[in-house]
Amino acid sequence: MDTTAQKAKPLAVQARQRGGRRRSWRARLAKDRWLYVLLLPGLLYFLVFKYWPMWGVLIAFKNYQPFLGFWQSEWIGLDHFRTFFSNPDFARLLRNTFILAVYDLVFFFPAPILVALLLNEIRVGVFKRLVQTMVYVPHFISMVIVASMTYVFLTTQGGVLHALVEQLTGRSFNFLADPDWFRPLIILQIMWKETGWGTIIFLAALASVDVEQYEAAVVDGATRFQRMWHITLPAISGVISILLILRLGNFLDNGFEQIFLMTNSLNRTVADVFDTYVYFVGITQGAFSYSTAIGLFKSVVGIVLIFGSNYLAKRLGKEGLY
Amino acid sequence: MHSRHDSPYERVFDIFNYIFLAIFACVTVLPFVYIIAGSFATEAELTERDFFIFPREFALGAYQYIFSSDTIFRSIGVSIFITVVGTLTNLLFTLTMAYSLSRRDLMGRNALMNLIIFSMLFSGGMIPTYLVVRDLGLIDNYAAVILPGAISAFNLIIIKNFFQQLPPGLEESARIDGCTELGVLWRIVLPLSKPVIATFGLFYAVGHWNNFFAALLYLNDHEKWPLQVVLREMVMLSQLAVGDLSNMDPNFVKPPDQAVKMAVIVVGTVPILLLYPFLQKHFAKGVLLGSIKG
């Protein structure tokens, strides 16, 4: 804040010398007219596709009827919110979202850290690069393809993994329809797709560790595990805590596309999360106002979580994100 | 760093470490290999054998079948169109705005930055955005899958920060030589930013190629579907027949369902795999650019 004030000062002085503030802003507008022309498409984008929908959120407090339009539709206050909170679906959505987020935090979050630590212990450069090249691939593949592959592998009609499990256990699991398998599948998919890619940021932090630290530790007789624990892990602890804060801030954002793709009529009870529910209620059933209210509720909780986790980070002495 | 101080215990760790990482790498890649192999396999082979990497006999039936109607061709064309036009739109919108915002003396700059940052924290959500697109009359128009994501605020801020780090002397001397702002951007700033433009162009391009949901939301007309939507309908919902046997030799044996699905998956994956060497290089750079707090 202080630095911007200092930088702004000479400009203000210049402006006064050129004769008054009024002329100065016109002069600046004229001088920078091409910059404003360049700015225009981007500004229009934000106004139309970001801020117009924010205004449109107000239909959460209306009984929006498409044939009446926004202005003619009647205000109904908090009715949609009351309906939603008293609907049993609300508790179910909250539960599904929460469980998936906890699974994600417990099983997926540590995976790239672990793999990065293990990769860091590899001394054969060719092997390390080969592994990296292989495990980054799924990151670039679309969720549709990941879900499609899952279907092809697990279908009860000739899926090769399904057949393999059947041979081994003697039982036929319907992985794709059984609600009990929904959450493990989601977590396994995301681990398969993103664990490798997730290591990049940790490996970058590890690359900045001074080799001399390791050499000194060796001289002092530290074992591999002591070096890992006392040098490697502290080197990435900052990145870990920032990513953890970010994850907590987005706690409600389960991977929408992935869950949408893996949802079917048989696993809806455990699969529905806020975002997919908004889609089914809003787009499929056409309840625009009601689904907007649900989306708004989620957005507001999301903002509280982001600021909350950021505040927490600052309290813990870590650098905040905003 | 391999030292004589390693205890036998640590050597065991090393061996397990190599084995574990090798298995992990194989687990990530083998599904692709099996899908490719399976797309060339016969019905008998798919049902009899477990995992295989090479089919015993190469059958091209699945590919002949999926390319016998124009569904796949058309959807590939749509995907390429959306990717190319979409990425150009992204770059045009993002680079111009980032350049203007990189000028510290621009009046209203702070207000605009706040406008952008707020849009990252709070969004109108799916339904209000859908209603805006609908009110603009963009349903079933390719603009609906391109414009609502024309700028990623996150990318915009990173590119803006990059522009700010360019040496100001060059731009100033160009201006003194009578170059307009557009000229400075085109002749000085963009040539200096080629690697960054390549990185973010690829970011956007992969996003477009892989995008499925915007198309599902805004394109109702089946003829306008990109490959990802066709893939889902066909492989996951089994609701879309891609082949047309009436166009084929009467002796043609319909290939196994599983092989057809695998062939469609291969078609959707191959472009990404071909680009992979570039993607790996540039994306890693992008991740690290983004991780620097700006």
# chains A, B, ... in the order shown; residues from 1 in each chain; ligands from 1

call {"tool": "closest_atom_pairs", "arguments": {"of": "chain A", "to": "chain B", "cutoff": "7 Å", "atoms": "only C-alpha atoms", "output": "Markdown table"}}
result
| residue | atom | partner | partner_atom | distance |
| --- | --- | --- | --- | --- |
| A:Trp34 | CA | B:Glu181 | CA | 6.1 |
| A:Leu35 | CA | B:Ser100 | CA | 5.2 |
| A:Leu38 | CA | B:Thr96 | CA | 5.2 |
| A:Leu39 | CA | B:Met97 | CA | 4.7 |
| A:Pro41 | CA | B:Phe93 | CA | 6.0 |
| A:Gly42 | CA | B:Phe93 | CA | 5.4 |
| A:Phe49 | CA | B:Pro148 | CA | 5.7 |
| A:Lys50 | CA | B:Ser119 | CA | 6.4 |
| A:Pro53 | CA | B:Gly124 | CA | 4.7 |
| A:Met54 | CA | B:Gly124 | CA | 4.2 |
| A:Gly56 | CA | B:Pro128 | CA | 5.2 |
| A:Val57 | CA | B:Gly124 | CA | 5.7 |
| A:Leu118 | CA | B:Asn17 | CA | 6.6 |
| A:Val131 | CA | B:Ala25 | CA | 5.6 |
| A:Met134 | CA | B:Ala25 | CA | 5.7 |
| A:Val135 | CA | B:Ala25 | CA | 5.5 |
| A:Phe140 | CA | B:Ile272 | CA | 6.9 |
| A:Ile141 | CA | B:Thr269 | CA | 6.8 |
| A:Ser142 | CA | B:Asn210 | CA | 4.8 |
| A:Val144 | CA | B:Arg232 | CA | 6.3 |
| A:Ile145 | CA | B:Ile265 | CA | 6.4 |
| A:Ser148 | CA | B:Met236 | CA | 5.8 |
| A:Tyr151 | CA | B:Met236 | CA | 6.5 |
| A:Val152 | CA | B:Gln258 | CA | 6.9 |
| A:Gly158 | CA | B:Thr47 | CA | 6.5 |
| A:Val160 | CA | B:Asp50 | CA | 6.1 |
| A:Trp192 | CA | B:Thr28 | CA | 6.4 |
| A:Ile201 | CA | B:Leu288 | CA | 6.9 |
| A:Gly282 | CA | B:Ile127 | CA | 6.7 |
| A:Phe288 | CA | B:Ile127 | CA | 6.5 |
| A:Thr292 | CA | B:Ile127 | CA | 5.9 |
| A:Gly295 | CA | B:Gly125 | CA | 6.1 |
| A:Ser299 | CA | B:Phe122 | CA | 6.5 |
| A:Ile303 | CA | B:Leu121 | CA | 6.4 |

call {"tool": "closest_residue", "arguments": {"among": "A:Ile186, A:Val273, A:Leu233, A:Ala147", "to": "Val209 of chain A", "atoms": "only C-alpha atoms"}}
result
A:Leu233

call {"tool": "closest_residue", "arguments": {"among": "B:His208, B:Arg11, B:Arg56, B:Lys224", "to": "Glu121 of chain A", "atoms": "only C-alpha atoms"}}
result
B:Arg11

call {"tool": "atom_distance", "arguments": {"atom1": "atom CA of Glu194 of chain A", "atom2": "atom CA of Pro112 of chain A"}}
result
8.2 Å

call {"tool": "atom_distance", "arguments": {"atom1": "atom CA of His230 of chain A", "atom2": "atom CA of Met191 of chain A"}}
result
27.3 Å

call {"tool": "residues_around", "arguments": {"residues": "Ala293 of chain A", "least_positions_apart": "6", "cutoff": "12 Å", "atoms": "only C-alpha atoms", "output": "JSON, numbers by chain"}}
result
{"A": [56, 57, 58, 59, 60, 61, 62, 63, 64, 76, 77, 78, 79, 80, 81, 82, 83, 84, 85, 274, 275, 277, 278, 281, 282, 287, 299, 300], "B": [124, 125, 126, 127, 128]}

call {"tool": "atom_distance", "arguments": {"atom1": "atom CA of Leu240 of chain B", "atom2": "atom CA of Leu261 of chain A"}}
result
16.2 Å

call {"tool": "select_by_dssp", "arguments": {"residues": "segment 81-241 of chain A", "states": "alpha helix (DSSP H)", "output": "ChimeraX atom specification"}}
result
/A:81-86,88-103,110-120,125-136,143-154,160-169,179-207,211-219,224-227,233-241

call {"tool": "residues_around", "arguments": {"residues": "segment 88-104 of chain A", "least_positions_apart": "2", "cutoff": "9 Å", "atoms": "only C-alpha atoms", "output": "MDAnalysis selection string"}}
result
chainID A and resid 84:86 106:109 183:184 186:187 190 251:254 269:274 277

call {"tool": "write_last_selection", "arguments": {"atoms": "C-alpha atoms", "output": "mmCIF file, in the first residue's frame"}}
result
data_model
loop_
_atom_site.group_PDB
_atom_site.id
_atom_site.type_symbol
_atom_site.label_atom_id
_atom_site.label_comp_id
_atom_site.auth_asym_id
_atom_site.auth_seq_id
_atom_site.Cartn_x
_atom_site.Cartn_y
_atom_site.Cartn_z
ATOM 1 C CA PHE A 84 -33.770 -25.945 0.142
ATOM 2 C CA PHE A 85 -32.672 -26.056 3.772
ATOM 3 C CA SER A 86 -35.762 -28.007 4.771
ATOM 4 C CA VAL A 106 -6.656 -37.807 3.115
ATOM 5 C CA PHE A 107 -5.875 -39.977 0.072
ATOM 6 C CA PHE A 108 -5.131 -37.697 -2.854
ATOM 7 C CA PHE A 109 -3.463 -34.685 -1.242
ATOM 8 C CA ARG A 183 -16.276 -42.599 -3.914
ATOM 9 C CA PRO A 184 -13.317 -44.987 -4.207
ATOM 10 C CA ILE A 186 -13.601 -40.942 -7.948
ATOM 11 C CA ILE A 187 -10.540 -40.822 -5.700
ATOM 12 C CA ILE A 190 -8.084 -38.400 -9.637
ATOM 13 C CA PHE A 251 -13.238 -27.462 0.053
ATOM 14 C CA LEU A 252 -16.696 -27.491 -1.544
ATOM 15 C CA ASP A 253 -15.362 -27.750 -5.079
ATOM 16 C CA ASN A 254 -15.342 -31.425 -5.760
ATOM 17 C CA THR A 269 -27.698 -41.016 -3.661
ATOM 18 C CA VAL A 270 -23.954 -40.788 -2.973
ATOM 19 C CA ALA A 271 -22.880 -38.999 -6.160
ATOM 20 C CA ASP A 272 -24.888 -35.764 -5.972
ATOM 21 C CA VAL A 273 -22.864 -32.756 -4.864
ATOM 22 C CA PHE A 274 -23.909 -29.091 -4.957
ATOM 23 C CA TYR A 277 -27.402 -30.950 -8.242
#

call {"tool": "residues_around", "arguments": {"residues": "Phe182 of chain A", "least_positions_apart": "5", "cutoff": "8 Å", "atoms": "only C-alpha atoms", "output": "JSON, numbers by chain"}}
result
{"A": [175, 176, 177, 262, 267, 270, 271]}

call {"tool": "write_last_selection", "arguments": {"atoms": "C-alpha atoms", "output": "mmCIF file, in the first residue's frame"}}
result
data_model
loop_
_atom_site.group_PDB
_atom_site.id
_atom_site.type_symbol
_atom_site.label_atom_id
_atom_site.label_comp_id
_atom_site.auth_asym_id
_atom_site.auth_seq_id
_atom_site.Cartn_x
_atom_site.Cartn_y
_atom_site.Cartn_z
ATOM 1 C CA PHE A 175 -18.330 -51.085 -9.916
ATOM 2 C CA LEU A 176 -20.062 -48.506 -12.070
ATOM 3 C CA ALA A 177 -23.512 -48.753 -10.538
ATOM 4 C CA MET A 262 -19.482 -40.750 -13.199
ATOM 5 C CA ASN A 267 -25.467 -44.074 -7.656
ATOM 6 C CA VAL A 270 -23.954 -40.788 -2.973
ATOM 7 C CA ALA A 271 -22.880 -38.999 -6.160
#

call {"tool": "select_by_dssp", "arguments": {"residues": "segment 56-124 of chain A", "states": "strand (DSSP E)", "output": "number ranges by chain"}}
result
A: 62-63, 74-75

call {"tool": "residues_around", "arguments": {"residues": "Val33 of chain B", "least_positions_apart": "4", "cutoff": "9 Å", "atoms": "only C-alpha atoms", "output": "ChimeraX atom specification"}}
result
/B:29,37-38,52-54
